[in-house]
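Peer 1: So that you have it, the file is structure-v6.cif, and it contains mmCIF, C-alpha atoms; chains and numbers go by the auth columns:
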```
data_model
loop_
_atom_site.group_PDB
_atom_site.id
_atom_site.type_symbol
_atom_site.label_atom_id
_atom_site.label_comp_id
_atom_site.label_asym_id
_atom_site.label_seq_id
_atom_site.Cartn_x
_atom_site.Cartn_y
_atom_site.Cartn_z
_atom_site.B_iso_or_equiv
_atom_site.auth_seq_id
_atom_site.auth_asym_id
ATOM 1 C CA MET A 1 14.347 5.454 -14.064 0.00 230 N
ATOM 2 C CA THR A 2 10.802 5.207 -12.724 0.00 231 N
ATOM 3 C CA GLN A 3 8.478 8.140 -13.244 0.00 232 N
ATOM 4 C CA PRO A 4 6.516 9.315 -10.179 0.00 233 N
ATOM 5 C CA ILE A 5 2.773 8.692 -10.128 0.00 234 N
ATOM 6 C CA GLU A 6 1.249 12.040 -11.069 0.00 235 N
ATOM 7 C CA LYS A 7 -2.447 11.204 -11.293 0.00 236 N
ATOM 8 C CA GLN A 8 -4.685 12.610 -8.535 0.00 237 N
ATOM 9 C CA MET A 9 -6.180 9.763 -6.505 0.00 238 N
ATOM 10 C CA PHE A 10 -8.831 9.692 -3.798 0.00 239 N
ATOM 11 C CA SER A 11 -9.575 6.972 -1.251 0.00 240 N
ATOM 12 C CA GLN A 12 -13.250 6.314 -0.612 0.00 241 N
ATOM 13 C CA ARG A 13 -12.264 4.181 2.370 0.00 242 N
ATOM 14 C CA PHE A 14 -10.314 6.927 4.129 0.00 243 N
ATOM 15 C CA GLN A 15 -12.096 9.909 2.534 0.00 244 N
ATOM 16 C CA LYS A 16 -8.713 11.492 1.774 0.00 245 N
ATOM 17 C CA SER A 17 -6.519 12.095 -1.237 0.00 246 N
ATOM 18 C CA ILE A 18 -3.775 9.563 -1.902 0.00 247 N
ATOM 19 C CA ARG A 19 -0.150 10.626 -2.387 0.00 248 N
ATOM 20 C CA PHE A 20 2.725 8.388 -3.461 0.00 249 N
ATOM 21 C CA THR A 21 6.393 8.690 -2.534 0.00 250 N
ATOM 22 C CA HIS A 22 9.061 8.327 -5.225 0.00 251 N
ATOM 23 C CA HIS A 23 10.154 5.176 -3.399 0.00 252 N
ATOM 24 C CA VAL A 24 6.816 3.408 -3.899 0.00 253 N
ATOM 25 C CA SER A 25 6.931 4.055 -7.654 0.00 254 N
ATOM 26 C CA ALA A 26 10.293 2.288 -7.887 0.00 255 N
ATOM 27 C CA ARG A 27 9.105 -0.615 -5.702 0.00 256 N
ATOM 28 C CA MET A 28 5.953 -1.033 -7.814 0.00 257 N
ATOM 29 C CA GLU A 29 8.031 -1.409 -10.958 0.00 258 N
ATOM 30 C CA LYS A 30 10.504 -3.802 -9.344 0.00 259 N
ATOM 31 C CA ARG A 31 7.743 -5.974 -7.856 0.00 260 N
ATOM 32 C CA ASP A 32 5.399 -5.923 -10.845 0.00 261 N
ATOM 33 C CA ILE A 33 2.634 -4.077 -8.985 0.00 262 N
ATOM 34 C CA PHE A 34 0.236 -2.067 -11.125 0.00 263 N
ATOM 35 C CA LEU A 35 -1.532 1.072 -9.916 0.00 264 N
ATOM 36 C CA GLU A 36 -4.947 -0.628 -10.078 0.00 265 N
ATOM 37 C CA LEU A 37 -3.783 -3.390 -7.728 0.00 266 N
ATOM 38 C CA LEU A 38 -2.288 -0.877 -5.293 0.00 267 N
ATOM 39 C CA LEU A 39 -5.526 1.128 -5.255 0.00 268 N
ATOM 40 C CA ASP A 40 -7.553 -2.048 -4.674 0.00 269 N
ATOM 41 C CA LEU A 41 -5.201 -2.936 -1.821 0.00 270 N
ATOM 42 C CA ILE A 42 -5.740 0.481 -0.193 0.00 271 N
ATOM 43 C CA GLU A 43 -9.519 0.276 -0.538 0.00 272 N
ATOM 44 C CA THR A 44 -10.174 -3.381 0.332 0.00 273 N
ATOM 45 C CA GLY A 45 -7.123 -4.784 2.128 0.00 274 N
ATOM 46 C CA ASN A 46 -6.870 -5.754 5.785 0.00 275 N
ATOM 47 C CA ILE A 47 -5.458 -3.085 8.090 0.00 276 N
ATOM 48 C CA ARG A 48 -2.828 -3.565 10.784 0.00 277 N
ATOM 49 C CA HIS A 49 -1.970 -0.474 12.873 0.00 278 N
ATOM 50 C CA LYS A 50 1.628 0.214 13.822 0.00 279 N
ATOM 51 C CA THR A 51 0.568 3.497 15.425 0.00 280 N
ATOM 52 C CA GLU A 52 -2.637 5.494 15.169 0.00 281 N
ATOM 53 C CA SER A 53 -1.556 7.002 11.820 0.00 282 N
ATOM 54 C CA ASP A 54 1.045 4.485 10.550 0.00 283 N
ATOM 55 C CA LEU A 55 -0.439 1.312 9.177 0.00 284 N
ATOM 56 C CA TRP A 56 0.078 -1.660 6.953 0.00 285 N
ATOM 57 C CA ILE A 57 -2.613 -2.621 4.489 0.00 286 N
ATOM 58 C CA TYR A 58 -2.284 -6.179 3.221 0.00 287 N
ATOM 59 C CA LYS A 59 -4.158 -8.632 1.063 0.00 288 N
ATOM 60 C CA GLN A 60 -3.608 -11.938 -0.640 0.00 289 N
ATOM 61 C CA TYR A 61 -4.106 -11.958 -4.414 0.00 290 N
ATOM 62 C CA PRO A 62 -4.536 -15.592 -5.552 0.00 291 N
ATOM 63 C CA GLU A 63 -3.575 -14.738 -9.131 0.00 292 N
ATOM 64 C CA ARG A 64 -0.119 -13.643 -7.929 0.00 293 N
ATOM 65 C CA ARG A 65 2.575 -16.060 -6.785 0.00 294 N
ATOM 66 C CA ASP A 66 3.484 -13.837 -3.811 0.00 295 N
ATOM 67 C CA ASN A 67 2.315 -14.715 -0.325 0.00 296 N
ATOM 68 C CA MET A 68 0.674 -11.332 0.319 0.00 297 N
ATOM 69 C CA VAL A 69 1.002 -7.818 -1.005 0.00 298 N
ATOM 70 C CA CYS A 70 1.368 -5.116 1.642 0.00 299 N
ATOM 71 C CA THR A 71 1.699 -1.355 1.585 0.00 300 N
ATOM 72 C CA ALA A 72 2.963 0.885 4.372 0.00 301 N
ATOM 73 C CA VAL A 73 0.955 4.099 4.632 0.00 302 N
ATOM 74 C CA VAL A 74 0.651 7.140 6.844 0.00 303 N
ATOM 75 C CA VAL A 75 -2.851 8.531 7.241 0.00 304 N
ATOM 76 C CA GLY A 76 -2.955 12.240 8.038 0.00 305 N
ATOM 77 C CA GLN A 77 -4.326 15.030 5.892 0.00 306 N
ATOM 78 C CA ALA A 78 -3.810 12.562 3.031 0.00 307 N
ATOM 79 C CA VAL A 79 -3.024 8.879 2.672 0.00 308 N
ATOM 80 C CA ILE A 80 0.731 8.784 2.028 0.00 309 N
ATOM 81 C CA VAL A 81 1.823 5.521 0.415 0.00 310 N
ATOM 82 C CA LYS A 82 5.448 4.932 1.460 0.00 311 N
ATOM 83 C CA THR A 83 6.281 1.531 -0.042 0.00 312 N
ATOM 84 C CA VAL A 84 4.802 -1.704 -1.315 0.00 313 N
ATOM 85 C CA MET A 85 6.053 -5.181 -0.406 0.00 314 N
ATOM 86 C CA VAL A 86 5.437 -8.714 -1.654 0.00 315 N
ATOM 87 C CA ASP A 87 5.761 -12.071 0.126 0.00 316 N
ATOM 88 C CA TRP A 88 4.735 -10.229 3.272 0.00 317 N
ATOM 89 C CA THR A 89 3.715 -12.157 6.386 0.00 318 N
ATOM 90 C CA LEU A 90 1.595 -10.951 9.259 0.00 319 N
ATOM 91 C CA GLU A 91 3.485 -11.218 12.524 0.00 320 N
ATOM 92 C CA GLU A 92 1.374 -11.591 15.605 0.00 321 N
ATOM 93 C CA SER A 93 1.795 -8.956 18.301 0.00 322 N
ATOM 94 C CA GLN A 94 3.815 -9.910 21.335 0.00 323 N
ATOM 95 C CA PRO A 95 1.889 -9.716 24.669 0.00 324 N
#
```
Written as structure tokens, how would this file's structure read?

Peer 2:
Amino acid sequence: MTQPIEKQMFSQRFQKSIRFTHHVSARMEKRDIFLELLLDLIETGNIRHKTESDLWIYKQYPERRDNMVCTAVVVGQAVIVKTVMVDWTLEESQP
């Protein structure tokens, strides 16, 4: 069973602490995502807003065989990382 991420993290980009759900820890293990990559994704990835506070942060990592790595986050008092996905594709908004 995956252990939750306990380390205190802070996002320079959002100027907020970062919190991880139990779900994201399990997805990281399953998808071979290390904490350093996830933190880089949060700090330097492209942002796509679903709502004002719900967003996807995505980035292509050439050293990985996935299409793109994406994380779903909620930005409020903290940055809550809900899940992480691989082989993610950016869908264009419908008019």

Peer 1: Which residue is closest to Ile271 (chain N)? Choose from N:Ser254, N:Gln244, N:Gln306, N:Thr300 and count all atoms listed in the file.

Peer 2: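 With all atoms listed in the file as the atom set, the closest residue is N:Thr300.
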
Peer 1: Step by step: start from the point (-1.0, 13.9, 7.2) in the file's coordinates, keep every protein, DNA or RNA residue that has an atom no farther than 12 Å from it, count only C-alpha atoms, and write the set as a list of chain:residue names.

Peer 2: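 The residues near that point, listed by chain and number, are N:Lys245, N:Ser246, N:Ile247, N:Arg248, N:Glu281, N:Ser282, N:Asp283, N:Val302, N:Val303, N:Val304, N:Gly305, N:Gln306, N:Ala307, N:Val308, N:Ile309, N:Val310.
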
Peer 1: Write out as a ChimeraX atom specification each polymer residue whose atoms come within 12 Å of Leu268 (chain N), counting all atoms listed in the file; drop sequence neighbours fewer than 5 positions from it.

Peer 2: /N:237-242,246-249,257,262-263,273-274,286-288,298-300,308,310,313

Peer 1: Those same residues, written as a short mmCIF file (atom, residue, chain, number, x, y, z; two decimals), keeping the file's coordinate frame with C-alpha atoms?

Peer 2:
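Ended up saving to out-v3.cif:
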```cif
data_model
loop_
_atom_site.label_atom_id
_atom_site.label_comp_id
_atom_site.auth_asym_id
_atom_site.auth_seq_id
_atom_site.Cartn_x
_atom_site.Cartn_y
_atom_site.Cartn_z
CA GLN N 237 -4.68 12.61 -8.54
CA MET N 238 -6.18 9.76 -6.50
CA PHE N 239 -8.83 9.69 -3.80
CA SER N 240 -9.57 6.97 -1.25
CA GLN N 241 -13.25 6.31 -0.61
CA ARG N 242 -12.26 4.18 2.37
CA SER N 246 -6.52 12.10 -1.24
CA ILE N 247 -3.78 9.56 -1.90
CA ARG N 248 -0.15 10.63 -2.39
CA PHE N 249 2.72 8.39 -3.46
CA MET N 257 5.95 -1.03 -7.81
CA ILE N 262 2.63 -4.08 -8.98
CA PHE N 263 0.24 -2.07 -11.12
CA THR N 273 -10.17 -3.38 0.33
CA GLY N 274 -7.12 -4.78 2.13
CA ILE N 286 -2.61 -2.62 4.49
CA TYR N 287 -2.28 -6.18 3.22
CA LYS N 288 -4.16 -8.63 1.06
CA VAL N 298 1.00 -7.82 -1.00
CA CYS N 299 1.37 -5.12 1.64
CA THR N 300 1.70 -1.36 1.58
CA VAL N 308 -3.02 8.88 2.67
CA VAL N 310 1.82 5.52 0.42
CA VAL N 313 4.80 -1.70 -1.32
#
```

Peer 1: Measuring atom to atom with all atoms listed in the file, identify which of N:Leu270, N:Leu319, N:Lys279, N:Asp261 is nearest to Arg294 (chain N).

Peer 2: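 Result for the nearest residue to Arg294 (chain N): N:Asp261.
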
Peer 1: May I ask for the distance between CA of Val315 (chain N) and CA of Phe243 (chain N), given in Å to one decimal place?

Peer 2: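 Separation of CA of Val315 (chain N) and CA of Phe243 (chain N): 22.9 Å.
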
Peer 1: What does the distance between CA of Asn296 (chain N) and CA of Asp316 (chain N) come to in Å, to one decimal place?

Peer 2: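 CA of Asn296 (chain N) sits 4.4 Å away from CA of Asp316 (chain N).
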
Peer 1: May I ask which of the residues N:Lys259, N:His278, N:Leu264, N:His251 is the closest one to Met314 (chain N), counting all atoms listed in the file?

Peer 2: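 Checking each of N:Lys259, N:His278, N:Leu264, N:His251 against Met314 (chain N), counting all atoms listed in the file, the winner is N:Lys259.
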
Peer 1: How many Å lie between CA of His252 (chain N) and CA of Asp269 (chain N), rounded to one decimal?

Peer 2: 19.2 Å

Peer 1: I need the residue nearest Thr280 (chain N) from this list: N:Glu258, N:Trp317, N:Ala301, N:Thr250. Use all atoms listed in the file for the distance.

Peer 2: N:Ala301

Peer 1: Any chance you could work out the axis-aligned box around region 298-316 of chain N, listed atoms only, 3 Å on each side, giving centre and edge lengths in Å to one decimal, as AutoDock Vina command-line options?

Peer 2:
```
--center_x 1.0 --center_y 1.5 --center_z 3.2 --size_x 16.6 --size_y 33.1 --size_z 15.7
```

Peer 1: Using all atoms listed in the file, can you tell me which of N:Thr318, N:Pro291, N:Asn275, N:Thr312 comes closest to Arg260 (chain N)?

Peer 2: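 Counting all atoms listed in the file, the residue closest to Arg260 (chain N) is N:Thr312.
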